[in-house]
Structures are given as C-alpha cells and as structure tokens.
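Trainee: Pasting final-v6.cif here (mmCIF, C-alpha atoms):
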```
data_structure
#
loop_
_atom_site.label_atom_id
_atom_site.label_comp_id
_atom_site.auth_asym_id
_atom_site.auth_seq_id
_atom_site.Cartn_x
_atom_site.Cartn_y
_atom_site.Cartn_z
CA TRP I 2 0.00 0.00 0.00
CA LYS I 3 0.96 3.61 -0.56
CA ILE I 4 2.26 6.01 2.11
CA SER I 5 2.30 9.77 1.55
CA GLY I 6 4.52 12.13 3.48
CA ARG I 7 7.71 14.17 3.42
CA ALA I 8 11.25 13.07 2.63
CA LYS I 9 14.69 14.63 2.99
CA GLY I 10 15.38 14.34 -0.72
CA VAL I 11 17.29 16.32 -3.34
CA GLY I 12 18.03 19.82 -2.11
CA TYR I 13 17.45 19.07 1.56
CA VAL I 14 19.88 20.42 4.14
CA PRO I 15 19.33 20.59 7.91
CA GLY I 16 17.09 23.56 8.62
CA ALA I 17 15.25 23.45 5.27
CA ASP I 18 11.45 23.85 5.20
CA ILE I 19 10.27 20.24 5.10
CA GLU I 20 6.74 21.42 4.22
CA SER I 21 7.99 22.75 0.88
CA ARG I 22 6.42 21.02 -2.14
CA GLN I 23 9.79 19.72 -3.29
CA PHE I 24 9.97 17.44 -0.24
CA GLY I 25 6.51 15.94 -0.71
CA HIS I 26 6.88 12.25 -1.53
CA ALA I 27 5.27 8.81 -1.52
CA TRP I 28 6.58 5.30 -0.88
CA ASN I 29 5.15 1.89 -0.03
CA ALA I 30 4.73 -0.48 2.89
CA VAL I 31 4.21 -4.23 3.11
CA CYS I 32 3.51 -6.62 5.94
CA LEU I 33 5.81 -9.62 5.65
CA ARG I 34 5.39 -12.44 8.17
CA GLY I 35 3.76 -10.03 10.57
CA GLU I 36 6.45 -7.33 10.27
CA TYR I 37 5.87 -3.94 8.65
CA LEU I 38 8.61 -3.11 6.13
CA LEU I 39 9.03 -0.20 3.73
CA ILE I 40 9.83 0.06 0.03
CA GLU I 41 11.24 3.24 -1.51
CA SER I 42 11.45 2.20 -5.17
CA THR I 43 12.15 5.74 -6.45
CA TRP I 44 15.26 6.29 -4.35
CA GLY I 45 16.26 2.65 -4.71
CA ALA I 46 16.30 2.87 -8.51
CA GLY I 47 18.98 5.55 -8.84
CA ILE I 48 20.17 9.05 -8.03
CA VAL I 49 19.88 12.54 -9.49
CA GLN I 50 23.13 14.02 -10.79
CA GLY I 51 22.58 17.61 -11.86
CA THR I 52 19.41 17.42 -13.94
CA LYS I 53 19.82 13.78 -14.97
CA PHE I 54 18.53 10.62 -13.33
CA VAL I 55 21.23 7.94 -13.15
CA LYS I 56 20.11 4.33 -12.69
CA ARG I 57 21.74 2.81 -9.62
CA TYR I 58 20.06 0.00 -7.72
CA ASP I 59 20.28 0.40 -3.94
CA PRO I 60 19.02 -2.62 -1.97
CA PHE I 61 18.81 -0.56 1.22
CA TYR I 62 15.47 0.90 0.09
CA PHE I 63 13.72 -2.44 -0.39
CA LEU I 64 12.16 -4.02 2.71
CA THR I 65 13.70 -1.37 4.98
CA VAL I 66 12.86 -1.44 8.68
CA PRO I 67 10.90 1.63 9.86
CA THR I 68 13.52 2.57 12.49
CA LYS I 69 16.02 3.30 9.69
CA LEU I 70 13.83 4.92 7.05
CA ILE I 71 12.39 7.32 9.64
CA TYR I 72 15.64 9.29 9.46
CA SER I 73 14.70 10.46 5.96
CA HIS I 74 10.96 9.72 5.48
CA LEU I 75 8.06 10.98 7.61
CA PRO I 76 4.50 9.78 6.81
CA ARG I 77 1.56 12.17 7.07
CA LYS I 78 -0.24 9.67 9.28
CA ASP I 79 1.45 8.77 12.57
CA GLU I 80 0.22 5.18 12.43
CA GLU I 81 2.12 4.66 9.15
CA GLN I 82 5.45 5.27 10.88
CA TYR I 83 5.12 1.81 12.45
CA LEU I 84 6.99 3.10 15.48
CA SER I 85 5.93 3.04 19.10
CA PRO I 86 5.67 5.79 20.07
CA PRO I 87 5.60 7.73 16.76
CA ILE I 88 7.79 10.81 16.45
CA THR I 89 6.68 14.39 15.84
CA VAL I 90 7.63 16.58 12.88
CA GLN I 91 10.04 18.50 15.11
CA GLU I 92 11.69 15.27 16.27
CA PHE I 93 11.99 14.17 12.63
CA LEU I 94 13.74 17.43 11.73
CA SER I 95 16.09 17.06 14.71
CA LEU I 96 17.33 13.63 13.59
CA PRO I 97 20.83 13.51 12.05
CA PHE I 98 20.95 13.69 8.24
CA VAL I 99 21.84 10.04 7.58
CA LYS I 100 22.30 8.35 4.20
CA PRO I 101 22.12 4.60 3.36
CA PRO I 102 25.91 3.94 3.44
CA PHE I 103 25.79 4.80 7.14
CA TYR I 104 23.71 1.67 7.72
CA THR I 105 25.25 -0.58 5.07
CA ALA I 106 28.65 0.08 6.68
CA GLY I 107 27.20 -1.18 9.97
CA LEU I 108 27.23 2.21 11.72
CA SER I 109 24.85 3.33 14.45
CA PHE I 110 24.78 5.98 17.16
CA THR I 111 25.25 4.75 20.71
CA LYS I 112 22.62 7.21 21.91
CA ARG I 113 19.96 9.31 20.27
CA MET I 114 21.48 12.20 18.35
CA GLY I 115 19.98 15.37 16.97
CA THR I 116 21.06 17.59 14.11
CA GLU I 117 22.67 19.89 16.66
CA ILE I 118 25.42 18.98 19.12
CA GLU I 119 26.09 21.43 21.92
CA VAL I 120 29.80 21.71 22.63
CA ASN I 121 31.33 22.37 26.04
CA ASP I 122 34.91 23.53 26.70
CA SER I 123 35.63 23.82 22.95
CA ARG I 124 35.64 20.04 22.46
CA LEU I 125 33.19 17.93 20.46
CA GLU I 126 32.83 14.27 21.45
CA LEU I 127 30.42 11.53 20.41
CA GLU I 128 30.47 7.75 20.10
CA ILE I 129 29.31 5.48 17.31
CA GLU I 130 29.24 1.71 16.92
CA ARG I 131 30.24 -0.28 13.85
CA THR I 132 29.01 -3.86 13.64
CA ARG I 133 30.91 -4.69 10.45
CA PRO I 134 34.42 -3.20 10.75
CA ASP I 135 36.40 -3.47 7.51
CA ALA I 136 40.04 -2.41 7.26
CA ASN I 137 39.56 -1.85 3.52
CA LYS I 138 36.68 0.55 4.17
CA PRO I 139 37.99 2.79 6.96
CA LEU I 140 35.91 5.15 9.04
CA HIS I 141 36.62 8.86 8.52
CA ALA I 142 35.25 12.19 9.71
CA TYR I 143 35.93 15.88 9.38
CA LEU I 144 34.42 19.08 10.73
CA GLU I 145 33.48 21.93 8.40
CA TRP I 146 34.05 25.17 10.30
CA ASP I 147 34.33 28.71 8.98
CA HIS I 148 34.90 27.57 5.37
CA ARG I 149 37.70 25.16 6.24
CA GLN I 150 38.14 21.58 7.37
CA VAL I 151 39.08 20.96 10.99
CA PRO I 152 40.72 17.58 11.76
CA VAL I 153 38.74 15.01 13.68
CA PHE I 154 40.28 12.25 15.79
CA ILE I 155 38.69 8.80 15.67
CA GLN I 156 39.61 6.74 18.72
CA ARG I 157 38.97 3.00 18.77
CA LEU I 158 37.61 2.02 22.18
CA SER I 159 38.01 -1.23 24.07
CA GLY I 160 34.98 -3.43 24.59
CA HIS I 161 31.89 -3.72 22.43
CA GLY I 162 28.65 -1.82 21.95
CA LYS I 163 25.08 -2.97 22.60
CA ARG I 164 24.94 -4.58 19.15
CA GLY I 165 28.24 -6.39 19.64
CA GLY I 166 30.15 -4.03 17.34
CA GLN I 167 33.33 -2.01 17.68
CA LEU I 168 32.99 1.33 19.49
CA TYR I 169 34.63 4.53 18.27
CA ARG I 170 34.89 7.95 19.87
CA ILE I 171 34.93 10.96 17.55
CA ILE I 172 36.75 13.99 18.97
CA SER I 173 37.43 17.43 17.56
CA GLU I 174 38.67 20.69 19.03
CA ILE I 175 36.39 23.60 18.13
CA PRO I 176 38.54 26.54 16.97
CA SER I 177 36.09 29.37 17.71
CA HIS I 178 32.52 30.34 18.55
CA GLY I 179 30.01 29.63 15.80
CA GLU I 180 28.47 26.74 13.93
CA GLY I 181 29.88 23.95 11.79
CA LYS I 182 28.96 20.64 10.19
CA LEU I 183 30.35 17.25 11.23
CA ASN I 184 30.67 14.70 8.41
CA ILE I 185 31.09 11.00 9.21
CA PHE I 186 31.70 8.61 6.34
CA VAL I 187 33.27 5.35 5.18
CA LEU I 188 35.69 5.21 2.25
CA LEU I 189 34.19 2.47 0.11
CA ASP I 190 37.08 2.00 -2.32
CA GLY I 191 39.84 1.98 0.28
CA THR I 192 42.22 4.06 -1.88
CA GLU I 193 41.89 7.27 0.10
CA GLN I 194 44.20 7.58 3.10
CA ARG I 195 44.19 10.11 5.91
CA PHE I 196 47.40 10.88 7.79
CA GLU I 197 46.82 12.66 11.07
CA PHE I 198 49.01 13.04 14.14
CA VAL I 199 49.66 15.40 17.04
CA ILE I 200 52.93 16.59 18.58
CA PHE I 201 53.51 18.42 21.86
CA ASP I 202 56.05 20.75 23.50
CA HIS I 203 57.46 22.44 20.41
CA ASP I 204 57.99 26.12 19.78
CA GLU I 205 56.91 27.43 16.39
CA GLU I 206 60.57 27.71 15.36
CA THR I 207 61.34 24.08 16.21
CA LEU I 208 58.27 22.43 14.70
CA PRO I 209 59.32 19.59 12.37
CA GLU I 210 58.15 19.25 8.78
CA PHE I 211 56.37 16.05 7.75
CA CYS I 212 56.01 14.73 4.24
CA LEU I 213 54.91 11.71 2.23
CA PHE I 214 57.14 10.22 -0.47
CA THR I 215 55.33 8.62 -3.40
CA PRO I 216 56.67 5.54 -5.24
CA GLY I 217 57.78 7.96 -7.97
CA LYS I 218 59.82 9.91 -5.37
CA ASP I 219 57.56 12.95 -5.45
CA THR I 220 57.07 14.74 -2.13
CA ILE I 221 53.71 15.67 -0.59
CA THR I 222 53.90 18.02 2.40
CA ILE I 223 51.65 17.24 5.38
CA PRO I 224 50.46 20.65 6.63
CA LYS I 225 49.82 21.93 10.14
CA VAL I 226 46.04 22.26 10.51
CA LEU I 227 45.42 23.06 14.17
CA ARG I 228 47.29 24.50 17.16
CA ASN I 229 45.74 23.94 20.58
CA LEU I 230 46.87 26.71 22.93
CA SER I 231 45.51 24.96 26.02
CA ASP I 232 47.96 22.03 25.86
CA GLY I 233 50.51 23.33 23.36
CA SER I 234 49.78 20.60 20.83
CA VAL I 235 49.96 20.93 17.05
CA THR I 236 47.96 18.74 14.68
CA TYR I 237 49.14 17.75 11.21
CA ALA I 238 46.70 16.20 8.74
CA LEU I 239 46.57 15.20 5.09
CA GLU I 240 43.98 13.27 3.11
CA THR I 241 45.25 11.96 -0.21
CA THR I 242 44.66 9.22 -2.76
CA LEU I 243 47.31 6.49 -2.89
CA ASN I 244 47.09 6.24 -6.67
CA GLU I 245 50.51 4.74 -7.46
CA LYS I 246 51.55 1.15 -6.93
CA GLY I 247 54.64 0.60 -4.79
CA LYS I 248 56.03 1.91 -1.50
CA TRP I 249 54.76 5.12 0.08
CA SER I 250 56.99 6.49 2.86
CA LEU I 251 55.99 8.76 5.74
CA THR I 252 58.96 10.87 6.91
CA PHE I 253 59.84 14.00 8.84
CA LEU I 254 62.61 16.52 8.30
CA LYS I 255 65.09 16.01 11.14
CA ASP I 256 67.26 18.92 10.03
CA GLU I 257 67.83 20.84 6.81
CA GLU I 258 69.44 17.86 5.11
CA THR I 259 68.19 14.75 6.92
CA LEU I 260 64.87 12.95 6.54
CA ASP I 261 63.91 10.45 9.23
CA PHE I 262 61.77 7.46 8.23
CA MET I 263 58.53 6.92 10.22
CA ALA I 264 56.37 4.37 8.38
CA GLN I 265 55.86 2.72 5.01
CA TYR I 266 52.72 1.72 3.10
CA SER I 267 52.48 -0.75 0.22
CA VAL I 268 49.98 -0.29 -2.60
CA GLU I 269 49.54 -3.28 -4.91
#
```
Hey, can you dump this file as structure tokens for me?
Mentor:
Amino acid sequence: WKISGRAKGVGYVPGADIESRQFGHAWNAVCLRGEYLLIESTWGAGIVQGTKFVKRYDPFYFLTVPTKLIYSHLPRKDEEQYLSPPITVQEFLSLPFVKPPFYTAGLSFTKRMGTEIEVNDSRLELEIERTRPDANKPLHAYLEWDHRQVPVFIQRLSGHGKRGGQLYRIISEIPSHGEGKLNIFVLLDGTEQRFEFVIFDHDEETLPEFCLFTPGKDTITIPKVLRNLSDGSVTYALETTLNEKGKWSLTFLKDEETLDFMAQYSVE
C-alpha cells in the first residue's frame, strides 16, 4: 500500500522547510510475516546528478525497517510510521541527516542524536558503533568550520557496543565560537588515506616538517592544521589518494638535510 509524506530528498539540508512542495513524496509499505517493512522504489532505482537521473540499484530501500527509514521519510499519518511511540515533525527534523551507506557500513549511534550537538569547553565528542568493521573501508570524519576543514580524531575504544560491534569515539577541538557541520563517512574503495598526528612541546621555530614520499619519489607536504593553545599541541593532517603502486613512505625533516623514516605503506 501507498504512504504519503515528506522526505529529505534532493536539495534538503538541515534547517530546510520540510513542508515545501519539493519534499513531498510517496513510498510503499508491506507486511511480511507479521512485520511492517518499507519500500522506496524511487530512491532505490537511482540518483539525481545535476538534472539527470542515473540508474543505480540500492538494496537498502527495499524491505527497509521503519527505524532506519524514519531518518529520511516521515509519513503524514502517525500510524504509518510503524513506530511506538511515533515521532513528531520536530523530532523528525532534529534527527541527524543520515544516508544509506551509514547503515550498510554497519554504523549506528550509541545514543539518540539530533542535528545539533552542543559543545562544552571547545571540544566535540560523540560515540558510534560499527558492527561490520572493515580495514579496507575505513571510518573517517571531518568538521566543516568557517569555510575550512578541521581535523577530527577517531579513537577506537576497548569493549563492544550494545549490538556487539566495535565502538569509536569521535573527537574534535572547536577553533572558535560559531556553527559547523560534522561529516562521518566510510571510504568504500579503500584508496583514500588520511594521515593525522599530534605533537607536543614544540615552539613554532622548532616544529618539524612532515612529508609523504610517493613511489615515484615525489614529495607531498603534510600541513599543520590546528594548534591547541591549552595544551601546546599541534595537529598535522593530510587526506590523499594512494594512486601509485609501490612503496609510500611517511617521513619527517630532522634537520635541513636529513629525513627520518617513520612508516611505510604498500599499494599493490
């Protein structure tokens, strides 16, 4: 049967008017072996790129459980949410903007999250659980703040979450008052690599330089991206594609003429 409602579709960003006509939508529900499941055949058939529709089958949208589709689809009738208790429009708008890869990668929040996270003492922290960790599809995050990217630290925690998955803590230092956007994602192809580390107790004049040597002996500088005045730490970060086969070397400049080897990565 058909369900009419609103969906966070093309053009939606947190804070948009969900009652706008462009977010009006319809999808379907079925009852299979006594369980209500949802079918979003429009979104499951492909995506819109520019003004063109590109066919791309997405199994997530076929027989989806209501607790997952509710992040993007809100029926007009409360009883068609198939949730107990149903959520309000305001609660729907306060849910994080989550896309299917979040679930297919086995990610979930350890507690209920809203679109806004209030930060205390200039530090953002939250935890997520991943039930299907995959070294070839690493977890990444970054914070958009004042038209630049602020590095985010992802700490693997000991123990397991409620679903038996691996727990991670996401931490970022907030550089100033204001608002930003936290992006959490999984690199599906495994070719993108993020290098990120922190050093302490260095004056600006004595800060080392870090770089990445490609298999072709080209040099990629790893820039300083954040200085924390409270503890004197400096964060270096670089996100790059390892697009050459062979050995990639992570080094730092010990003095004007000497490079010290730190780590090596093999790309086959």
Trainee: Once the PyMOL selection byres ((chain I and resi 16) around 10) has been evaluated on this model, what residues remain selected, and can you format them as a ChimeraX atom specification?
Mentor: /I:13-15,17-19,94-95,116
Trainee: Running the PyMOL selection byres ((chain I and resi 39) around 12) on this model by hand, what would come out? Give it as an mmCIF file with C-alpha atoms, keeping the file's coordinate frame.
Mentor:
```cif
data_model
loop_
_atom_site.group_PDB
_atom_site.id
_atom_site.type_symbol
_atom_site.label_atom_id
_atom_site.label_comp_id
_atom_site.auth_asym_id
_atom_site.auth_seq_id
_atom_site.Cartn_x
_atom_site.Cartn_y
_atom_site.Cartn_z
ATOM 1 C CA TRP I 2 0.000 0.000 0.000
ATOM 2 C CA LYS I 3 0.960 3.610 -0.560
ATOM 3 C CA ILE I 4 2.260 6.010 2.110
ATOM 4 C CA ALA I 27 5.270 8.810 -1.520
ATOM 5 C CA TRP I 28 6.580 5.300 -0.880
ATOM 6 C CA ASN I 29 5.150 1.890 -0.030
ATOM 7 C CA ALA I 30 4.730 -0.480 2.890
ATOM 8 C CA VAL I 31 4.210 -4.230 3.110
ATOM 9 C CA CYS I 32 3.510 -6.620 5.940
ATOM 10 C CA LEU I 33 5.810 -9.620 5.650
ATOM 11 C CA GLU I 36 6.450 -7.330 10.270
ATOM 12 C CA TYR I 37 5.870 -3.940 8.650
ATOM 13 C CA LEU I 38 8.610 -3.110 6.130
ATOM 14 C CA ILE I 40 9.830 0.060 0.030
ATOM 15 C CA GLU I 41 11.240 3.240 -1.510
ATOM 16 C CA SER I 42 11.450 2.200 -5.170
ATOM 17 C CA GLY I 45 16.260 2.650 -4.710
ATOM 18 C CA PRO I 60 19.020 -2.620 -1.970
ATOM 19 C CA PHE I 61 18.810 -0.560 1.220
ATOM 20 C CA TYR I 62 15.470 0.900 0.090
ATOM 21 C CA PHE I 63 13.720 -2.440 -0.390
ATOM 22 C CA LEU I 64 12.160 -4.020 2.710
ATOM 23 C CA THR I 65 13.700 -1.370 4.980
ATOM 24 C CA VAL I 66 12.860 -1.440 8.680
ATOM 25 C CA PRO I 67 10.900 1.630 9.860
ATOM 26 C CA THR I 68 13.520 2.570 12.490
ATOM 27 C CA LYS I 69 16.020 3.300 9.690
ATOM 28 C CA LEU I 70 13.830 4.920 7.050
ATOM 29 C CA ILE I 71 12.390 7.320 9.640
ATOM 30 C CA HIS I 74 10.960 9.720 5.480
ATOM 31 C CA LEU I 75 8.060 10.980 7.610
ATOM 32 C CA PRO I 76 4.500 9.780 6.810
ATOM 33 C CA GLU I 81 2.120 4.660 9.150
ATOM 34 C CA GLN I 82 5.450 5.270 10.880
ATOM 35 C CA TYR I 83 5.120 1.810 12.450
#
```
Trainee: List the neighbours of Thr220 (chain I) out to 12 Å using only C-alpha atoms; skip same-chain residues closer than 4 positions along the sequence, and give me the result as a list in words.
Mentor: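 My list of contacting residues is Glu210, Phe211, Cys212, Leu213, Phe214, Thr215, Pro216, Trp249, Ser250, Leu251, Thr252, Phe253, Leu254 and Leu260 of chain I.
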Trainee: Nearest to Ser231 (chain I) among I:Val11, I:Ile129, I:Ser267, I:Asp202, with distances taken over only C-alpha atoms: which residue is it?
Mentor: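 Ranking I:Val11, I:Ile129, I:Ser267, I:Asp202 by distance to Ser231 (chain I), first place goes to I:Asp202.
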Trainee: Take CA of Gly233 (chain I) and CA of Leu125 (chain I) and report the distance between them in Å, one decimal.
Mentor: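 Computing the Euclidean distance for CA of Gly233 (chain I) and CA of Leu125 (chain I) yields 18.4 Å.
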Trainee: What does the structure give for the distance between CA of Phe54 (chain I) and CA of Ala142 (chain I), in Å to one decimal?
Mentor: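 Distance between the two atoms: 28.5 Å.
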